[in-house]
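Engineer: Got a structure for you, protein25.txt, holding compact mmCIF, C-alpha atoms and all ligand atoms.
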# COMPACT_ATOMS: atom_id res chain seq x y z
CA MET A 7 35.03 27.18 8.12
CA SER A 8 37.71 24.88 9.47
CA LYS A 9 40.24 23.30 7.17
CA GLN A 10 38.88 20.16 5.56
CA GLN A 11 40.62 16.91 6.24
CA VAL A 12 41.60 15.01 3.10
CA VAL A 13 40.55 11.36 3.06
CA THR A 14 40.71 8.45 0.64
CA CYS A 15 37.29 8.14 -1.04
CA LYS A 16 35.97 4.62 -0.50
CA GLU A 17 34.32 4.66 -3.94
CA CYS A 18 36.97 5.96 -6.34
CA GLY A 19 40.05 5.62 -4.14
CA LYS A 20 41.18 9.21 -4.82
CA ARG A 21 42.53 11.47 -2.07
CA ARG A 22 39.85 14.10 -1.71
CA VAL A 23 37.82 16.23 0.68
CA LYS A 24 34.71 14.57 2.09
CA ALA A 25 31.46 15.38 0.31
CA LEU A 26 29.15 18.07 1.61
CA THR A 27 25.72 16.51 2.01
CA THR A 28 22.32 18.15 2.23
CA ASN A 29 19.54 16.75 4.37
CA PRO A 30 16.66 16.51 1.85
CA ILE A 31 14.02 17.32 4.47
CA THR A 32 15.62 20.10 6.51
CA GLY A 33 17.98 21.41 3.83
CA LYS A 34 20.80 21.44 6.42
CA GLN A 35 24.29 20.82 5.12
CA ARG A 36 27.08 18.91 6.76
CA ARG A 37 30.15 16.89 5.88
CA SER A 38 29.47 13.27 5.03
CA THR A 39 30.02 10.82 7.89
CA ILE A 40 31.57 8.32 5.49
CA LYS A 41 34.70 8.69 3.41
CA ILE A 42 33.23 9.71 0.08
CA CYS A 43 34.07 12.51 -2.32
CA GLN A 44 31.60 14.95 -3.87
CA ASP A 45 31.66 13.29 -7.31
CA CYS A 46 30.94 9.82 -5.97
CA HIS A 47 28.35 11.14 -3.53
CA SER A 48 26.42 12.80 -6.35
CA LYS A 49 26.30 9.49 -8.18
CA THR A 50 25.03 7.52 -5.20
CA ILE A 51 22.57 10.10 -3.88
CA ASP A 52 19.55 8.22 -5.29
CA TYR A 53 20.94 4.76 -4.56
CA LYS A 54 18.66 4.32 -1.53
CA PHE A 55 15.60 5.05 -3.63
CA PHE A 56 16.41 2.77 -6.56
CA SER A 57 17.59 -0.17 -4.46
CA SER A 58 14.62 -0.09 -2.06
CA SER A 59 11.70 -2.51 -2.45
CA PHE A 60 9.57 0.35 -3.74
CA GLY A 61 12.23 1.45 -6.25
CA GLN A 62 12.42 -2.08 -7.59
CA TRP A 63 8.67 -2.43 -7.77
CA LEU A 64 8.45 0.93 -9.57
CA ARG A 65 10.99 -0.14 -12.19
CA ARG A 66 8.89 -3.20 -13.07
CA ALA A 67 5.62 -1.23 -12.95
CA PHE A 68 6.97 1.57 -15.18
CA GLN A 69 7.93 -0.93 -17.86
CA ARG A 70 4.24 -1.63 -18.43
CA GLN A 71 3.46 2.10 -18.62
CA CYS A 72 4.84 4.94 -20.71
CA THR A 73 6.18 8.45 -20.12
CA ASN A 74 2.64 9.93 -20.24
CA SER A 75 1.01 7.52 -17.78
CA ILE A 76 3.42 7.65 -14.84
CA PRO A 77 3.22 10.17 -11.95
CA SER A 78 4.01 13.61 -13.30
CA ASP A 79 5.94 15.01 -10.32
CA THR A 80 7.23 14.35 -6.80
CA ASN A 81 3.83 14.95 -5.20
CA GLU A 82 2.13 12.40 -7.45
CA LEU A 83 4.87 9.86 -6.82
CA ARG A 84 4.60 10.48 -3.05
CA ALA A 85 0.87 9.68 -3.25
CA LEU A 86 1.65 6.49 -5.16
CA LEU A 87 4.23 5.55 -2.51
CA HIS A 88 1.63 5.98 0.24
CA LEU A 89 -0.76 3.75 -1.70
CA TRP A 90 1.93 1.13 -2.30
CA LYS A 91 2.58 1.02 1.45
CA PHE A 92 -1.15 0.63 2.15
CA TYR A 93 -1.22 -2.18 -0.39
CA ARG A 94 1.63 -4.00 1.32
CA GLN A 95 0.00 -3.54 4.71
CA ALA A 96 -3.30 -4.90 3.35
CA CYS A 97 -1.61 -8.02 1.94
CA GLY A 98 0.21 -8.82 5.14
CA PHE A 99 3.38 -10.82 4.81
CA LYS A 100 4.60 -13.92 6.50
CA SER A 101 8.21 -15.04 6.38
CA ASP A 102 9.54 -18.24 7.87
CA GLY A 103 13.12 -17.25 7.02
CA GLN A 104 12.99 -19.04 3.65
CA GLU A 105 9.91 -17.90 1.86
CA VAL A 106 7.60 -14.91 2.00
CA THR A 107 3.88 -15.48 1.59
CA LYS A 108 0.98 -13.05 1.48
CA THR A 109 -1.83 -13.33 4.01
CA TYR A 110 -4.34 -11.80 1.59
CA ASP A 111 -3.95 -11.99 -2.17
CA TYR A 112 -4.52 -8.39 -3.29
CA HIS A 113 -3.34 -6.59 -6.38
CA LEU A 114 -2.99 -2.91 -7.08
CA CYS A 115 -5.61 -2.88 -9.84
CA HIS A 116 -5.93 -0.24 -12.53
CA ILE A 117 -9.36 1.39 -12.64
CA ASP A 118 -8.94 2.65 -16.20
CA PRO A 119 -7.07 -0.36 -17.61
CA ILE A 120 -3.42 -0.15 -18.66
CA LYS A 121 -4.36 -1.19 -22.17
CA GLY A 122 -7.35 0.94 -23.00
CA GLU A 123 -9.08 1.42 -26.31
CA GLY A 124 -6.87 2.38 -29.21
CA GLU A 125 -3.72 4.03 -27.99
CA LEU A 126 -5.00 4.80 -24.50
CA VAL A 127 -2.97 3.84 -21.44
CA GLY A 128 -4.41 3.81 -17.90
CA LYS A 129 -2.27 5.86 -15.54
CA LEU A 130 -0.18 4.42 -12.72
CA THR A 131 -1.38 6.93 -10.14
CA TYR A 132 -2.96 7.13 -6.71
CA SER A 133 -6.45 7.81 -8.11
CA ASN A 134 -6.38 5.24 -10.92
CA LEU A 135 -5.38 2.29 -8.74
CA MET A 136 -7.36 0.29 -6.23
CA ILE A 137 -6.32 -2.38 -3.75
CA ALA A 138 -8.60 -5.26 -4.75
CA PRO A 139 -8.63 -9.08 -4.66
CA ALA A 140 -6.19 -10.51 -7.22
CA LYS A 141 -8.87 -12.89 -8.51
CA LEU A 142 -10.98 -9.92 -9.56
CA ASN A 143 -8.08 -8.28 -11.35
CA ARG A 144 -7.60 -11.36 -13.49
CA GLU A 145 -11.30 -11.44 -14.40
CA HIS A 146 -11.52 -7.74 -15.27
CA SER A 147 -8.07 -7.22 -16.62
CA ASN A 148 -8.98 -5.13 -19.65
CA LEU A 149 -12.55 -4.19 -18.96
CA PRO A 150 -12.78 -0.41 -19.19
CA PHE A 151 -14.15 1.32 -16.13
CA PRO A 152 -17.78 2.13 -17.04
CA PHE A 153 -17.90 5.87 -16.48
CA THR A 154 -14.45 6.31 -17.80
CA SER A 155 -12.69 8.08 -15.04
CA LYS A 156 -10.58 10.02 -17.56
CA GLN A 157 -7.44 8.54 -16.12
CA SER A 158 -6.12 7.27 -19.41
CA VAL A 159 -3.71 9.12 -21.64
CA LEU A 160 -2.33 8.69 -25.13
CA LYS A 161 0.65 6.43 -25.34
CA GLY A 162 4.03 8.13 -24.87
CA GLU A 163 7.58 6.88 -24.94
CA ASN A 164 8.33 3.40 -23.64
CA ILE A 165 10.15 3.04 -20.34
CA THR A 166 12.95 0.50 -20.28
CA ASP A 167 15.83 -0.41 -17.99
CA SER A 168 18.04 2.01 -19.89
CA ASN A 169 15.94 5.18 -19.49
CA PHE A 170 14.17 4.36 -16.20
CA LYS A 171 16.63 6.06 -13.86
CA ASP A 172 17.02 9.19 -16.00
CA ILE A 173 13.25 9.64 -16.29
CA CYS A 174 12.90 9.32 -12.50
CA ARG A 175 15.79 11.71 -11.77
CA GLU A 176 14.36 14.30 -14.10
CA ARG A 177 10.85 14.26 -12.66
CA TYR A 178 11.14 13.44 -8.98
CA ASP A 179 13.09 14.50 -5.92
CA LEU A 180 14.27 10.97 -5.14
CA PRO A 181 16.51 11.74 -2.11
CA LEU A 182 13.56 13.60 -0.53
CA LEU A 183 11.18 10.65 -0.97
CA ALA A 184 13.82 8.20 0.26
CA ALA A 185 14.24 10.33 3.41
CA GLU A 186 10.52 10.86 4.01
CA PHE A 187 9.69 7.17 3.71
CA CYS A 188 12.92 5.92 5.33
CA LEU A 189 13.60 3.81 2.23
CA ILE A 190 16.50 1.42 2.65
CA PRO A 191 18.36 -0.75 0.16
CA GLN A 192 16.84 -4.18 -0.23
CA LYS A 193 19.26 -6.92 0.76
CA LYS A 194 20.19 -9.19 -2.10
CA GLY A 195 20.54 -12.90 -1.56
CA GLY A 196 20.83 -12.47 2.20
CA ALA A 197 18.91 -14.65 4.61
CA LEU A 198 15.35 -13.50 5.21
CA THR A 199 14.37 -12.43 8.65
CA GLU A 200 11.33 -14.05 10.23
CA PHE A 201 8.35 -11.81 10.54
CA THR A 202 4.58 -11.77 10.32
CA SER A 203 2.17 -8.97 9.61
CA SER A 204 -1.50 -9.74 9.79
CA GLY A 205 -2.82 -7.87 6.76
CA VAL A 206 -6.24 -6.25 6.38
CA ASN A 207 -9.35 -8.32 5.63
CA ILE A 208 -11.35 -7.84 2.45
CA SER A 209 -14.39 -6.00 3.87
CA THR A 210 -12.23 -3.42 5.68
CA THR A 211 -10.02 -2.99 2.62
CA LEU A 212 -13.09 -2.50 0.43
CA SER A 213 -14.47 0.29 2.65
CA LYS A 214 -11.05 1.94 3.03
CA GLU A 215 -10.46 1.93 -0.70
CA LEU A 216 -13.87 3.34 -1.65
CA LYS A 217 -13.38 6.05 0.95
CA ARG A 218 -9.86 6.83 -0.26
CA LEU A 219 -11.20 7.20 -3.80
CA GLY A 220 -13.63 9.85 -2.59
CA TYR A 221 -16.87 7.99 -1.87
CA PRO A 222 -18.69 8.86 1.38
CA VAL A 223 -18.27 5.50 3.11
CA THR A 224 -19.39 5.01 6.71
CA GLN A 225 -19.88 1.24 6.76
CA THR A 226 -18.12 -2.08 6.53
CA ILE A 227 -19.58 -5.49 5.82
CA ALA A 228 -19.57 -7.29 9.16
CA ASN A 229 -22.05 -9.30 11.24
CA HIS A 230 -22.17 -12.22 8.81
CA PRO A 231 -20.31 -15.52 8.74
CA PRO A 232 -16.77 -15.02 7.34
CA GLN A 233 -17.53 -16.69 4.02
CA THR A 234 -20.62 -14.55 3.49
CA ILE A 235 -18.60 -11.41 4.26
CA GLU A 236 -16.05 -12.41 1.65
CA ARG A 237 -18.71 -13.16 -0.97
CA LEU A 238 -20.56 -9.89 -0.36
CA ALA A 239 -17.37 -7.81 -0.39
CA ASN A 240 -16.26 -9.46 -3.62
CA GLY A 241 -19.68 -8.63 -5.04
CA VAL A 242 -19.26 -4.94 -4.21
CA TYR A 243 -15.80 -4.91 -5.78
CA ASP A 244 -17.29 -6.55 -8.85
CA THR A 245 -19.97 -3.87 -9.08
CA PHE A 246 -17.33 -1.18 -8.73
CA PHE A 247 -15.33 -2.42 -11.69
CA LYS A 248 -18.35 -3.33 -13.84
CA VAL A 249 -20.85 -0.57 -13.07
CA GLY A 250 -19.09 2.10 -11.00
CA GLY A 251 -18.51 3.52 -7.55
CA THR A 252 -21.94 5.01 -6.90
CA LEU A 253 -23.71 1.68 -7.29
CA ALA A 254 -20.98 -0.12 -5.39
CA LEU A 255 -21.54 2.27 -2.50
CA LYS A 256 -25.30 1.53 -2.56
CA GLU A 257 -24.61 -2.18 -2.49
CA LEU A 258 -22.22 -1.72 0.42
CA ALA A 259 -24.94 0.18 2.31
CA GLN A 260 -27.34 -2.73 1.80
CA HIS A 261 -25.04 -5.26 3.45
CA GLY A 262 -22.90 -3.07 5.68
CA THR A 263 -23.11 -1.84 9.23
CA GLN A 264 -21.96 1.53 10.56
CA CYS A 265 -18.36 1.58 11.68
CA ASP A 266 -15.99 3.94 13.38
CA ASN A 267 -14.30 6.34 10.98
CA SER A 268 -10.87 5.47 12.37
CA MET A 269 -11.40 1.89 11.19
CA ILE A 270 -11.61 2.84 7.53
CA GLU A 271 -9.31 5.84 7.37
CA TYR A 272 -5.73 5.57 6.17
CA ASP A 273 -2.86 7.04 8.16
CA PHE A 274 -0.77 9.32 5.97
CA THR A 275 1.88 10.06 8.60
CA LEU A 276 5.24 9.86 6.87
CA PRO A 277 7.56 7.19 8.28
CA HIS A 278 10.24 9.79 9.06
CA GLU A 279 7.65 11.75 11.09
CA ARG A 280 6.82 8.59 13.00
CA VAL A 281 10.48 7.98 13.75
CA LYS A 282 10.84 11.58 14.92
CA MET A 283 7.80 11.25 17.20
CA ALA A 284 9.14 8.01 18.65
CA LYS A 285 12.49 9.70 19.36
CA GLU A 286 10.78 12.63 21.05
CA THR A 287 8.68 10.32 23.20
CA ARG A 288 11.82 8.47 24.23
CA LYS A 289 13.62 11.71 25.06
CA GLN A 290 10.66 12.85 27.15
CA LEU A 291 10.65 9.52 28.95
CA GLU A 292 14.35 9.73 29.64
CA LYS A 293 13.84 13.22 31.09
CA GLU A 294 11.05 12.00 33.35
CA ILE A 295 13.13 9.07 34.53
CA ALA A 296 16.11 11.36 35.14
CA ALA A 297 13.89 13.67 37.22
CA PHE A 298 13.36 10.97 39.81
ZN ZN A 301 35.14 9.34 -5.01
For this file, produce the structure as structure tokens.
Structural biologist:
Amino acid sequence: MSKQQVVTCKECGKRRVKALTTNPITGKQRRSTIKICQDCHSKTIDYKFFSSSFGQWLRRAFQRQCTNSIPSDTNELRALLHLWKFYRQACGFKSDGQEVTKTYDYHLCHIDPIKGEGELVGKLTYSNLMIAPAKLNREHSNLPFPFTSKQSVLKGENITDSNFKDICRERYDLPLLAAEFCLIPQKKGGALTEFTSSGVNISTTLSKELKRLGYPVTQTIANHPPQTIERLANGVYDTFFKVGGTLALKELAQHGTQCDNSMIEYDFTLPHERVKMAKETRKQLEKEIAAF
């Protein structure tokens, strides 16, 4: 290995060798591109995760949970991250540069409620959450799911601002998740950019969610006036939370029409995979252009 150049670390100001960094996905090692020493690098390695929108959402969400009811490992947290992204897509966001508003008012609702009977806590996991209209969440807030889905656990240790990061570091591979989902630090106090995303309507979200939770869905509620669609879809959601998924599915079949599978299936491609594919397509295109 060649002799390492000594630089001034931009974090601690000490004259040191640049940190050796490991790509969390490929495992490849290389010298950091920025002037940072190994000690400071180790401290900031999960910075991207914690300062991302998801990291900030997770901190608030964990404070309502406990050590027993949060994802148990990296795979469970990855599933929750996928669901959180689907939730954001479903809401749709509009920003005029000043304010961000949702197109659809959804919540990530607990199926087994957070505050269950006695000391039970509903888990914050992929299979115990459902993207549903916010209005419904307020009405059902602590109603236990009828055929208790066994997604509640006995209360564990509280999670606070002081133990949040340590609990996460201990359980999850945070740099890996940050790389897979291309998580980036959320800008603080900076001007908002203008953007619009359309969101996903309630009948499509309903079918997608039932399917994601394992029910054999092949239909969506369509072919009615918009207000009727909304009322019927809300009715099915209501049945789901009050009576259960099997009856909700029956009710959906009564009002629904067959739809293409691609319409109600989620895309689990990791953002970093998508970026890689886009790069490859561009490279291919450049080659083809160069060939002329
Ligand atoms: Zn340093």
Engineer: Got a sec to check which residues lie within 10 Å of ligand ZN 301 (chain A), using only C-alpha atoms and all ligand atoms, and send them as a CSV table (one decimal) with C-alpha atoms, keeping the file's coordinate frame?
Structural biologist:
chain,number,residue,atom,x,y,z
A,13,VAL,CA,40.6,11.4,3.1
A,14,THR,CA,40.7,8.4,0.6
A,15,CYS,CA,37.3,8.1,-1.0
A,16,LYS,CA,36.0,4.6,-0.5
A,17,GLU,CA,34.3,4.7,-3.9
A,18,CYS,CA,37.0,6.0,-6.3
A,19,GLY,CA,40.0,5.6,-4.1
A,20,LYS,CA,41.2,9.2,-4.8
A,21,ARG,CA,42.5,11.5,-2.1
A,22,ARG,CA,39.8,14.1,-1.7
A,23,VAL,CA,37.8,16.2,0.7
A,24,LYS,CA,34.7,14.6,2.1
A,25,ALA,CA,31.5,15.4,0.3
A,41,LYS,CA,34.7,8.7,3.4
A,42,ILE,CA,33.2,9.7,0.1
A,43,CYS,CA,34.1,12.5,-2.3
A,44,GLN,CA,31.6,15.0,-3.9
A,45,ASP,CA,31.7,13.3,-7.3
A,46,CYS,CA,30.9,9.8,-6.0
A,47,HIS,CA,28.4,11.1,-3.5
A,48,SER,CA,26.4,12.8,-6.4
A,49,LYS,CA,26.3,9.5,-8.2
Engineer: What does the distance from CA of Leu238 in chain A to CA of His116 in chain A come to in Å, to one decimal?
Structural biologist: 21.3 Å
Engineer: Counting all atoms listed in the file, select every polymer residue within 9 Å of (-4.1, 7.3, -22.9) as defined in the file's coordinates, and provide the selection as a PyMOL selection string.
Structural biologist: chain A and resi 74-75+120-129+156-162
Engineer: Between CA of Cys97 in chain A and CA of Thr210 in chain A, what is the distance, to one decimal in Å?
Structural biologist: 12.2 Å
Engineer: Neighbouring residues of Phe187 in chain A were defined as those with any atom within 8 Å, considering all atoms listed in the file; residues of the same chain fewer than 6 positions away were excluded. Please report them as a PDB file with C-alpha atoms, in the frame of the given file.
Structural biologist:
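Contents of result_27.pdb, freshly written:
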ATOM      1  CA  LEU A 276       5.240   9.860   6.870  1.00  0.00           C
ATOM      2  CA  PRO A 277       7.560   7.190   8.280  1.00  0.00           C
ATOM      3  CA  HIS A 278      10.240   9.790   9.060  1.00  0.00           C
TER       4      HIS A 278
END
Engineer: Could you check how far CA of Asn240 in chain A sits from CA of Pro77 in chain A, in Å to one decimal?
Structural biologist: 28.9 Å
Engineer: Hey, what's within 12 Å of Gln62 in chain A if we count all atoms listed in the file and toss same-chain stuff fewer than 3 positions away? As JSON, numbers by chain, please?
Structural biologist: {"A": [53, 54, 55, 56, 57, 58, 59, 65, 66, 67, 68, 69, 167, 170, 171, 189, 190, 191, 192, 193, 194]}
Engineer: Ranking A:Val106, A:Ile270, A:Ala85, A:Ile117 by minimum distance to Ser213 in chain A and counting only C-alpha atoms, which one comes first?
Structural biologist: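 Closest to Ser213 in chain A of all the choices is A:Ile270.
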Engineer: Neighbours of range 224-232 of chain A within 10 Å (all atoms listed in the file; same-chain residues fewer than 4 positions away dropped), as a PyMOL selection string?
Structural biologist: chain A and resi 208-214+217+236-239+255+258-267+269-270
Engineer: Could you please give me, as a PyMOL selection string, the residues of protein, DNA or RNA lying at most 12 Å from (12.9, 10.7, 3.6) in the coordinate frame of the file, considering all atoms listed in the file?
Structural biologist: chain A and resi 29-33+52+54-55+84+87+179-190+276-282
Engineer: Name all residues at most 12 Å from Ser78 in chain A (count all atoms listed in the file; drop same-chain ones fewer than 5 positions away) and give them as a PyMOL selection string.
Structural biologist: chain A and resi 72-73+83-86+129-132+173-174+176-179
Engineer: Next, the residues of the selection above should be written as a PDB file, in the frame of the given file with C-alpha atoms.
Structural biologist:
ATOM      1  CA  CYS A  72       4.840   4.940 -20.710  1.00  0.00           C
ATOM      2  CA  THR A  73       6.180   8.450 -20.120  1.00  0.00           C
ATOM      3  CA  LEU A  83       4.870   9.860  -6.820  1.00  0.00           C
ATOM      4  CA  ARG A  84       4.600  10.480  -3.050  1.00  0.00           C
ATOM      5  CA  ALA A  85       0.870   9.680  -3.250  1.00  0.00           C
ATOM      6  CA  LEU A  86       1.650   6.490  -5.160  1.00  0.00           C
ATOM      7  CA  LYS A 129      -2.270   5.860 -15.540  1.00  0.00           C
ATOM      8  CA  LEU A 130      -0.180   4.420 -12.720  1.00  0.00           C
ATOM      9  CA  THR A 131      -1.380   6.930 -10.140  1.00  0.00           C
ATOM     10  CA  TYR A 132      -2.960   7.130  -6.710  1.00  0.00           C
ATOM     11  CA  ILE A 173      13.250   9.640 -16.290  1.00  0.00           C
ATOM     12  CA  CYS A 174      12.900   9.320 -12.500  1.00  0.00           C
ATOM     13  CA  GLU A 176      14.360  14.300 -14.100  1.00  0.00           C
ATOM     14  CA  ARG A 177      10.850  14.260 -12.660  1.00  0.00           C
ATOM     15  CA  TYR A 178      11.140  13.440  -8.980  1.00  0.00           C
ATOM     16  CA  ASP A 179      13.090  14.500  -5.920  1.00  0.00           C
TER      17      ASP A 179
END
Engineer: Considering all atoms listed in the file, state which residue in the set A:Thr252, A:Gln11, A:Gln104, A:Ser204 is at the smallest distance from Leu216 in chain A.
Structural biologist: A:Thr252
